[in-house]
>>> print(open('coords.cif').read())   # mmCIF, C-alpha atoms
data_model
loop_
_atom_site.label_atom_id
_atom_site.label_comp_id
_atom_site.auth_asym_id
_atom_site.auth_seq_id
_atom_site.Cartn_x
_atom_site.Cartn_y
_atom_site.Cartn_z
CA MET E 1 16.95 -2.71 19.00
CA PRO E 2 17.26 -4.41 15.63
CA GLY E 3 20.10 -3.00 13.58
CA ALA E 4 21.53 -3.64 10.13
CA ALA E 5 23.29 -6.78 11.40
CA SER E 6 20.04 -8.37 12.56
CA LEU E 7 18.56 -7.70 9.11
CA ALA E 8 21.35 -9.73 7.51
CA ASN E 9 18.97 -12.66 7.76
CA PRO E 10 16.70 -12.43 4.66
CA THR E 11 13.89 -14.33 6.41
CA ARG E 12 13.90 -11.80 9.25
CA PHE E 13 13.97 -8.98 6.70
CA LEU E 14 10.95 -10.46 4.90
CA ALA E 15 8.97 -10.61 8.15
CA LEU E 16 9.90 -7.08 9.23
CA SER E 17 9.35 -5.51 5.79
CA ALA E 18 5.91 -7.16 5.51
CA ARG E 19 4.87 -5.40 8.72
CA MET E 20 6.33 -2.05 7.56
CA LEU E 21 4.80 -2.04 4.07
CA SER E 22 1.18 -1.36 4.99
CA TRP E 23 2.24 1.53 7.27
CA LEU E 24 4.47 3.03 4.58
CA ALA E 25 1.79 2.71 1.89
CA GLY E 26 -0.76 4.32 4.22
CA ALA E 27 1.62 7.15 5.09
CA ALA E 28 2.37 7.74 1.39
CA ALA E 29 -1.37 7.87 0.55
CA VAL E 30 -2.12 10.38 3.34
CA LEU E 31 0.91 12.53 2.50
CA PHE E 32 0.03 12.57 -1.21
CA ALA E 33 -3.58 13.58 -0.42
CA VAL E 34 -2.47 16.42 1.88
CA GLY E 35 0.44 17.46 -0.37
CA LEU E 36 -1.66 17.63 -3.55
CA TYR E 37 -4.39 19.59 -1.77
CA ILE E 38 -2.04 22.27 -0.43
CA ALA E 39 -0.02 22.30 -3.68
CA PHE E 40 -3.12 23.18 -5.71
CA PHE E 41 -5.44 24.98 -3.29
CA VAL E 42 -3.27 26.58 -0.60
CA ALA E 43 0.12 27.41 -2.18
CA PRO E 44 0.07 30.71 -4.10
CA PRO E 45 1.17 31.15 -7.72
CA ASP E 46 4.67 32.54 -8.22
CA TYR E 47 4.89 36.27 -8.98
CA GLN E 48 6.98 35.55 -12.09
CA GLN E 49 6.16 31.98 -13.12
CA GLY E 50 2.46 32.06 -12.33
CA ASP E 51 0.81 28.68 -11.73
CA SER E 52 3.50 26.77 -13.61
CA VAL E 53 5.45 26.83 -10.32
CA ARG E 54 3.11 24.02 -9.19
CA ILE E 55 5.13 21.68 -11.41
CA MET E 56 7.87 22.14 -8.79
CA TYR E 57 5.85 19.99 -6.34
CA VAL E 58 6.41 16.90 -8.49
CA HIS E 59 9.67 17.87 -10.22
CA VAL E 60 11.79 18.59 -7.13
CA PRO E 61 10.73 15.41 -5.23
CA SER E 62 11.44 13.34 -8.38
CA VAL E 63 14.98 14.65 -8.82
CA THR E 64 15.66 14.49 -5.08
CA LEU E 65 14.61 10.83 -4.96
CA ALA E 66 16.54 10.09 -8.16
CA MET E 67 19.77 11.35 -6.56
CA GLY E 68 18.93 10.01 -3.09
CA CYS E 69 18.32 6.57 -4.58
CA TYR E 70 21.79 6.60 -6.15
CA ALA E 71 23.31 7.63 -2.81
CA ALA E 72 21.48 4.71 -1.16
CA MET E 73 22.84 2.40 -3.86
CA ALA E 74 26.36 3.69 -3.18
CA LEU E 75 25.94 2.86 0.53
CA SER E 76 24.65 -0.58 -0.48
CA ALA E 77 27.67 -1.01 -2.76
CA LEU E 78 29.93 -0.32 0.23
CA GLY E 79 27.90 -2.90 2.14
CA THR E 80 28.56 -5.42 -0.63
CA LEU E 81 32.29 -4.76 -1.04
CA VAL E 82 33.38 -3.84 2.50
CA TRP E 83 30.99 -5.48 4.96
CA ARG E 84 29.71 -8.24 2.65
CA HIS E 85 26.20 -7.73 4.00
CA PRO E 86 23.98 -10.41 2.38
CA LEU E 87 21.18 -7.94 1.65
CA ALA E 88 23.35 -5.06 0.41
CA ASP E 89 23.49 -6.34 -3.16
CA VAL E 90 19.76 -7.13 -3.05
CA ALA E 91 19.09 -3.54 -1.91
CA ALA E 92 21.22 -2.02 -4.67
CA LYS E 93 19.72 -4.18 -7.42
CA ALA E 94 16.16 -3.52 -6.24
CA ALA E 95 16.76 0.26 -6.10
CA ALA E 96 18.14 0.66 -9.64
CA PRO E 97 14.83 0.47 -11.61
CA LEU E 98 13.19 2.78 -9.06
CA GLY E 99 16.04 5.27 -9.43
CA ALA E 100 15.69 5.08 -13.21
CA ALA E 101 11.93 5.76 -12.93
CA PHE E 102 12.42 8.82 -10.69
CA THR E 103 15.24 10.11 -12.93
CA PHE E 104 13.06 9.71 -16.02
CA LEU E 105 10.26 11.51 -14.18
CA GLY E 106 12.64 14.33 -13.19
CA LEU E 107 13.69 14.77 -16.83
CA VAL E 108 10.11 14.69 -18.16
CA THR E 109 8.62 17.07 -15.57
CA GLY E 110 11.66 19.37 -15.91
CA SER E 111 11.21 19.43 -19.67
CA ILE E 112 7.48 20.22 -19.31
CA TRP E 113 8.34 23.02 -16.85
CA GLY E 114 11.18 24.29 -19.05
CA LYS E 115 9.07 24.85 -22.16
CA PRO E 116 6.84 27.65 -20.77
CA MET E 117 9.65 29.17 -18.65
CA TRP E 118 12.70 28.89 -20.93
CA GLY E 119 10.98 28.50 -24.28
CA ALA E 120 12.73 25.15 -24.83
CA TRP E 121 11.96 21.53 -23.95
CA TRP E 122 15.65 20.74 -23.60
CA VAL E 123 19.02 22.50 -23.48
CA TRP E 124 22.43 20.86 -23.19
CA ASP E 125 23.40 22.73 -20.03
CA ALA E 126 25.44 21.15 -17.25
CA ARG E 127 22.54 20.34 -14.89
CA LEU E 128 20.33 18.72 -17.52
CA THR E 129 23.18 16.84 -19.19
CA SER E 130 24.60 15.46 -15.92
CA PHE E 131 21.08 14.38 -14.93
CA LEU E 132 20.66 12.60 -18.28
CA VAL E 133 23.97 10.84 -17.54
CA LEU E 134 22.40 9.63 -14.26
CA LEU E 135 19.56 7.98 -16.22
CA ILE E 136 22.08 6.33 -18.57
CA MET E 137 24.03 5.06 -15.54
CA TYR E 138 20.88 3.54 -14.01
CA LEU E 139 20.03 1.81 -17.30
CA GLY E 140 23.62 0.58 -17.66
CA LEU E 141 23.56 -0.89 -14.14
CA ILE E 142 20.24 -2.66 -14.81
CA ALA E 143 21.74 -4.12 -18.00
CA LEU E 144 24.89 -5.16 -16.11
CA TRP E 145 22.91 -7.09 -13.48
CA ARG E 146 21.04 -8.90 -16.27
CA ALA E 147 24.26 -9.78 -18.09
CA PHE E 148 25.47 -12.14 -15.33
CA ASP E 149 23.99 -15.53 -14.39
CA ASP E 150 25.52 -15.45 -10.92
CA PRO E 151 23.84 -12.69 -8.83
CA ALA E 152 26.71 -12.56 -6.31
CA ARG E 153 29.29 -11.94 -9.05
CA ALA E 154 27.02 -9.41 -10.75
CA GLY E 155 26.58 -7.67 -7.40
CA ARG E 156 30.32 -7.23 -6.87
CA VAL E 157 30.91 -5.87 -10.40
CA ALA E 158 27.88 -3.57 -10.13
CA ALA E 159 29.04 -2.32 -6.71
CA VAL E 160 32.36 -1.15 -8.21
CA LEU E 161 30.54 0.60 -11.06
CA ILE E 162 28.06 2.24 -8.65
CA LEU E 163 30.91 3.68 -6.56
CA VAL E 164 32.74 4.95 -9.65
CA GLY E 165 29.51 6.51 -10.94
CA PHE E 166 28.84 8.25 -7.62
CA VAL E 167 31.15 11.03 -8.80
CA ASN E 168 28.22 12.23 -10.94
CA ILE E 169 26.05 13.05 -7.89
CA PRO E 170 28.08 16.06 -6.65
CA ILE E 171 28.48 17.11 -10.28
CA ILE E 172 24.68 17.23 -10.63
CA LYS E 173 24.27 19.04 -7.32
CA PHE E 174 26.93 21.70 -7.90
CA SER E 175 26.64 21.99 -11.71
CA VAL E 176 24.51 25.12 -11.31
CA ASP E 177 27.30 26.73 -9.22
CA TRP E 178 30.29 25.55 -11.24
CA TRP E 179 28.95 26.38 -14.71
CA ASN E 180 26.71 28.95 -16.32
CA THR E 181 23.42 27.10 -16.67
CA LEU E 182 19.91 27.92 -17.78
CA HIS E 183 18.71 25.90 -14.79
CA GLN E 184 18.20 28.02 -11.67
CA PRO E 185 20.72 27.76 -8.78
CA ALA E 186 19.97 25.82 -5.59
CA SER E 187 17.07 27.31 -3.66
CA ILE E 188 16.37 24.70 -0.96
CA LEU E 189 19.55 22.91 0.16
CA ARG E 190 21.96 25.83 0.27
CA ILE E 191 24.15 27.63 2.77
CA GLY E 192 22.05 30.41 4.27
CA GLY E 193 18.81 28.43 4.12
CA PRO E 194 16.05 28.06 1.52
CA THR E 195 15.14 31.06 -0.62
CA ILE E 196 11.60 29.79 -1.22
CA HIS E 197 8.78 31.46 0.69
CA PRO E 198 7.33 29.21 3.44
CA SER E 199 3.93 29.21 1.68
CA MET E 200 5.61 27.29 -1.16
CA LEU E 201 8.23 25.47 0.91
CA TRP E 202 5.75 23.60 3.14
CA PRO E 203 3.78 22.02 0.27
CA LEU E 204 7.12 21.01 -1.23
CA ILE E 205 8.25 19.39 2.05
CA VAL E 206 4.97 17.43 2.31
CA MET E 207 5.29 16.24 -1.31
CA LEU E 208 8.93 15.30 -0.66
CA ALA E 209 7.80 13.22 2.32
CA ALA E 210 5.07 11.58 0.19
CA PHE E 211 7.56 10.67 -2.55
CA ALA E 212 10.04 9.38 0.06
CA ALA E 213 7.42 7.17 1.75
CA LEU E 214 6.36 5.77 -1.62
CA PHE E 215 9.99 5.18 -2.61
CA VAL E 216 10.78 3.26 0.60
CA ALA E 217 7.59 1.17 0.19
CA LEU E 218 8.50 0.33 -3.41
CA TRP E 219 12.12 -0.37 -2.48
CA LEU E 220 11.14 -2.82 0.27
CA THR E 221 8.69 -4.52 -2.13
CA ALA E 222 11.35 -4.78 -4.84
CA MET E 223 13.84 -6.18 -2.29
CA ARG E 224 11.30 -8.81 -1.22
CA ALA E 225 10.78 -9.76 -4.88
CA GLU E 226 14.56 -10.04 -5.39
CA ILE E 227 14.96 -12.29 -2.33
CA TYR E 228 12.20 -14.60 -3.61
CA ARG E 229 13.77 -14.53 -7.13
CA ARG E 230 17.08 -15.75 -5.65
CA ARG E 231 15.30 -18.45 -3.65
CA VAL E 232 13.60 -19.63 -6.86
CA ARG E 233 16.96 -19.67 -8.63
CA THR E 234 18.61 -21.64 -5.81
CA ALA E 235 15.75 -24.15 -5.71
CA GLU E 236 16.00 -24.62 -9.49
CA LEU E 237 19.77 -25.10 -9.27
CA VAL E 238 19.35 -27.66 -6.49
CA ALA E 239 16.73 -29.43 -8.60
CA ALA E 240 19.11 -29.56 -11.56
CA ARG E 241 22.11 -30.76 -9.50
CA PRO E 242 21.49 -34.55 -9.52
CA ALA E 243 21.19 -34.56 -13.31
CA ALA E 244 24.42 -32.60 -13.68
CA LEU E 245 26.31 -34.94 -11.33
CA ALA E 246 24.98 -38.09 -12.93
CA PRO E 247 27.69 -40.25 -14.60
CA ARG E 248 28.02 -39.56 -18.27
CA THR E 249 27.16 -42.33 -20.64
CA ALA E 250 28.30 -42.59 -24.20
CA MET M 251 -4.90 29.17 -13.88
CA THR M 252 -1.93 29.93 -16.15
CA HIS M 253 -0.07 27.21 -18.07
CA LEU M 254 -2.80 24.70 -17.22
CA GLY M 255 -1.86 22.32 -20.05
CA TYR M 256 1.75 22.06 -18.84
CA ILE M 257 0.67 21.53 -15.23
CA ILE M 258 -1.77 18.75 -16.21
CA ALA M 259 0.89 17.12 -18.41
CA ALA M 260 3.47 17.13 -15.58
CA TYR M 261 1.08 15.67 -12.99
CA ALA M 262 -0.32 13.12 -15.48
CA ALA M 263 3.21 11.97 -16.38
CA THR M 264 4.04 11.67 -12.67
CA ALA M 265 0.89 9.65 -11.96
CA ILE M 266 1.48 7.33 -14.93
CA VAL M 267 5.15 6.64 -14.09
CA LEU M 268 4.54 6.14 -10.35
CA ILE M 269 1.46 3.92 -10.82
CA ALA M 270 3.22 1.86 -13.53
CA THR M 271 6.32 1.43 -11.32
CA ALA M 272 4.23 0.43 -8.30
CA ALA M 273 2.20 -2.04 -10.40
CA TRP M 274 5.35 -3.58 -11.91
CA VAL M 275 7.09 -3.98 -8.53
CA THR M 276 3.96 -5.47 -6.90
CA LEU M 277 3.35 -7.84 -9.81
CA ASP M 278 7.00 -8.97 -9.79
CA LEU M 279 6.73 -9.82 -6.08
CA ARG M 280 3.55 -11.86 -6.68
CA VAL M 281 5.14 -13.73 -9.62
CA GLN M 282 8.27 -14.64 -7.64
CA LYS M 283 6.23 -15.75 -4.60
CA GLU M 284 4.03 -17.90 -6.82
CA LYS M 285 7.06 -19.47 -8.54
CA LEU M 286 8.59 -20.36 -5.19
CA ARG M 287 5.30 -21.75 -3.90
CA ARG M 288 4.99 -24.01 -6.96
CA LEU M 289 8.57 -25.24 -6.59
CA GLU M 290 7.99 -26.01 -2.92
CA GLU M 291 4.78 -27.85 -3.78
CA GLN M 292 6.88 -30.04 -6.09
CA GLY M 293 9.10 -30.83 -3.12
CA LEU M 294 11.96 -28.58 -4.16
CA ARG M 295 13.67 -26.80 -1.29
CA ARG M 296 16.71 -24.56 -1.06
CA GLY M 297 19.85 -25.91 0.60
CA SER M 298 21.21 -29.38 1.28
CA GLY M 299 17.89 -30.76 2.44
CA ALA M 300 16.43 -30.44 -1.00
CA SER M 301 14.42 -33.25 -2.39
CA ARG M 302 12.79 -33.82 -5.74
#
>>> encode(input="coords.cif", output="structure tokens")
Amino acid sequence: MPGAASLANPTRFLALSARMLSWLAGAAAVLFAVGLYIAFFVAPPDYQQGDSVRIMYVHVPSVTLAMGCYAAMALSALGTLVWRHPLADVAAKAAAPLGAAFTFLGLVTGSIWGKPMWGAWWVWDARLTSFLVLLIMYLGLIALWRAFDDPARAGRVAAVLILVGFVNIPIIKFSVDWWNTLHQPASILRIGGPTIHPSMLWPLIVMLAAFAALFVALWLTAMRAEIYRRRVRTAELVAARPAALAPRTA
Amino acid sequence: MTHLGYIIAAYAATAIVLIATAAWVTLDLRVQKEKLRRLEEQGLRRGSGASR
């Protein structure tokens, strides 16, 4: 059975990911079709929030993927620093823009949901502020990778920053328990089980699966692009080498 | 349906961001593959066996 070690070969990864991509894209399309149908036509409106609760079916998957993506980047950072896995840095770098997109989406859909429910587009409470910090961290990491010419060096520096920044993930998760926030407390991943009625929980689970399938498909595609980018860079460096080594003339 | 405008705005924003991200990632992959193909057509290879 192929494990992480066998995927250390980028060429093998490219072959395997090419086979997986069409399946993942197909799964995402089917899950989105089913999820959107049951979110709009099967799931009932909330007794307090009315139909605005349907925003939950895109907001919760967005924020879950935003945080899950950062956790995946933290694992990749460990792979870079501890195991020196050749694809770990590629995985982390490829995930960062996707994480930023899902975080942005979480903030936008949350704001659109907040206006009719709270009467405000934005409040500086602990959950919202710590989630905004997550977006800033993603953007900072993207900028950091672009600031270095050498991808291996950039990868090591970024890995340290990713691990330091991981402290924000439990802060986001538990902010609604630790502080008084306008944001509601956890209602899905909590001790004692979800507090959402199954008629609303199942559409949410299907939409979560759809978002996850799309995320993995995009991540693999972005990793493939990053591998090719590094191959282009190496080929260009090799092409420039003879000129650089040529004897200098006055 | 209550709050229809907010619901449409949230789903439209989601569709726009996800489609734009997917398009950007797919386009980036095509650009990098094409760059590498052109370099290899010029005889440039990675590693010590490179030739110009």
>>> atom_distance(input="coords.cif", atom1="CA of Phe13 (chain E)", atom2="CA of Arg224 (chain E)")
8.4 Å
>>> atom_distance(input="coords.cif", atom1="CA of Val157 (chain E)", atom2="CA of Leu65 (chain E)")
24.0 Å
>>> closest_atom_pairs(input="coords.cif", of="chain E", to="chain M", cutoff="6 Å", atoms="all atoms listed in the file", output="JSON lines")
{"residue": "E:Asp51", "atom": "CA", "partner": "M:Thr252", "partner_atom": "CA", "distance": 5.3}
{"residue": "E:Ser52", "atom": "CA", "partner": "M:His253", "partner_atom": "CA", "distance": 5.7}
{"residue": "E:Ile55", "atom": "CA", "partner": "M:Ile257", "partner_atom": "CA", "distance": 5.9}
{"residue": "E:Thr109", "atom": "CA", "partner": "M:Ala260", "partner_atom": "CA", "distance": 5.2}
{"residue": "E:Ala222", "atom": "CA", "partner": "M:Val275", "partner_atom": "CA", "distance": 5.7}
{"residue": "E:Ala225", "atom": "CA", "partner": "M:Leu279", "partner_atom": "CA", "distance": 4.2}
{"residue": "E:Tyr228", "atom": "CA", "partner": "M:Gln282", "partner_atom": "CA", "distance": 5.6}
{"residue": "E:Arg229", "atom": "CA", "partner": "M:Gln282", "partner_atom": "CA", "distance": 5.5}
{"residue": "E:Val232", "atom": "CA", "partner": "M:Leu286", "partner_atom": "CA", "distance": 5.3}
{"residue": "E:Thr234", "atom": "CA", "partner": "M:Arg296", "partner_atom": "CA", "distance": 5.9}
{"residue": "E:Ala235", "atom": "CA", "partner": "M:Arg296", "partner_atom": "CA", "distance": 4.8}
>>> closest_residue(input="coords.cif", among="E:Leu201, E:Ala159, E:Ile191, E:Ala92", to="Arg54 (chain E)", atoms="all atoms listed in the file")
E:Leu201
>>> atom_distance(input="coords.cif", atom1="CA of Val206 (chain E)", atom2="CA of Tyr57 (chain E)")
9.1 Å
>>> resolve_selection(input="coords.cif", expression="the PyMOL selection byres ((chain E and resi 11) around 12)", output="PyMOL selection string")
chain E and resi 6-10+12-18+86-87+223-224+227-228+231
>>> resolve_selection(input="coords.cif", expression="the PyMOL selection byres ((chain E and resi 174) around 12)", output="ChimeraX atom specification")
/E:126-127,130-131,167-173,175-181,183-186,189-190
>>> residues_around(input="coords.cif", residues="Pro97 (chain E)", least_positions_apart="2", cutoff="8 Å", atoms="all atoms listed in the file", output="PyMOL selection string")
chain E and resi 93-95+99-101+138-139+142
>>> resolve_selection(input="coords.cif", expression="the PyMOL selection byres ((chain E and resi 110) around 10)", output="number ranges by chain")
E: 55-56, 58-60, 62-63, 104-109, 111-115, 121-122, 128, 183; M: 260
>>> closest_residue(input="coords.cif", among="E:Trp83, E:Phe166, E:Trp124, E:Trp202", to="Cys69 (chain E)", atoms="all atoms listed in the file")
E:Phe166
>>> closest_residue(input="coords.cif", among="E:Gly35, E:Gly50, E:Pro116, E:Gly155", to="Thr80 (chain E)", atoms="only C-alpha atoms")
E:Gly155
>>> axis_aligned_box(input="coords.cif", around="region 113-132 of chain E", padding_each_side="6 Å", output="JSON")
{"center_x": 16.1, "center_y": 20.9, "center_z": -19.9, "size_x": 30.6, "size_y": 28.6, "size_z": 21.9}
>>> decode(input="coords.cif", residues="region 261-279 of chain M", atoms="N, CA and C atoms", output="compact mmCIF listing (two decimals), in the first residue's frame")
# COMPACT_ATOMS: atom_id res chain seq x y z
N TYR M 261 -24.72 32.89 -0.98
CA TYR M 261 -24.44 31.81 -1.95
C TYR M 261 -23.73 32.35 -3.19
N ALA M 262 -24.06 33.58 -3.60
CA ALA M 262 -23.38 34.18 -4.76
C ALA M 262 -21.91 34.42 -4.42
N ALA M 263 -21.64 34.95 -3.23
CA ALA M 263 -20.25 35.19 -2.81
C ALA M 263 -19.48 33.87 -2.79
N THR M 264 -20.12 32.82 -2.26
CA THR M 264 -19.48 31.50 -2.20
C THR M 264 -19.15 31.00 -3.60
N ALA M 265 -20.14 31.11 -4.51
CA ALA M 265 -19.92 30.63 -5.88
C ALA M 265 -18.79 31.40 -6.55
N ILE M 266 -18.79 32.73 -6.38
CA ILE M 266 -17.77 33.56 -7.04
C ILE M 266 -16.37 33.20 -6.53
N VAL M 267 -16.23 33.11 -5.19
CA VAL M 267 -14.89 32.84 -4.61
C VAL M 267 -14.43 31.44 -5.00
N LEU M 268 -15.30 30.44 -4.92
CA LEU M 268 -14.88 29.06 -5.23
C LEU M 268 -14.56 28.90 -6.71
N ILE M 269 -15.39 29.49 -7.59
CA ILE M 269 -15.13 29.37 -9.04
C ILE M 269 -13.84 30.12 -9.40
N ALA M 270 -13.66 31.31 -8.82
CA ALA M 270 -12.44 32.09 -9.11
C ALA M 270 -11.20 31.34 -8.63
N THR M 271 -11.28 30.74 -7.44
CA THR M 271 -10.12 29.99 -6.91
C THR M 271 -9.82 28.78 -7.78
N ALA M 272 -10.86 28.05 -8.17
CA ALA M 272 -10.66 26.87 -9.01
C ALA M 272 -10.07 27.27 -10.36
N ALA M 273 -10.57 28.37 -10.94
CA ALA M 273 -10.06 28.83 -12.24
C ALA M 273 -8.60 29.24 -12.12
N TRP M 274 -8.27 29.96 -11.05
CA TRP M 274 -6.88 30.43 -10.86
C TRP M 274 -5.92 29.25 -10.70
N VAL M 275 -6.31 28.26 -9.88
CA VAL M 275 -5.45 27.10 -9.63
C VAL M 275 -5.26 26.29 -10.92
N THR M 276 -6.35 26.10 -11.67
CA THR M 276 -6.28 25.32 -12.91
C THR M 276 -5.43 26.04 -13.95
N LEU M 277 -5.63 27.36 -14.05
CA LEU M 277 -4.85 28.15 -15.02
C LEU M 277 -3.37 28.13 -14.66
N ASP M 278 -3.07 28.26 -13.38
CA ASP M 278 -1.66 28.24 -12.93
C ASP M 278 -1.00 26.92 -13.32
N LEU M 279 -1.72 25.81 -13.14
CA LEU M 279 -1.16 24.50 -13.51
C LEU M 279 -0.87 24.45 -15.01
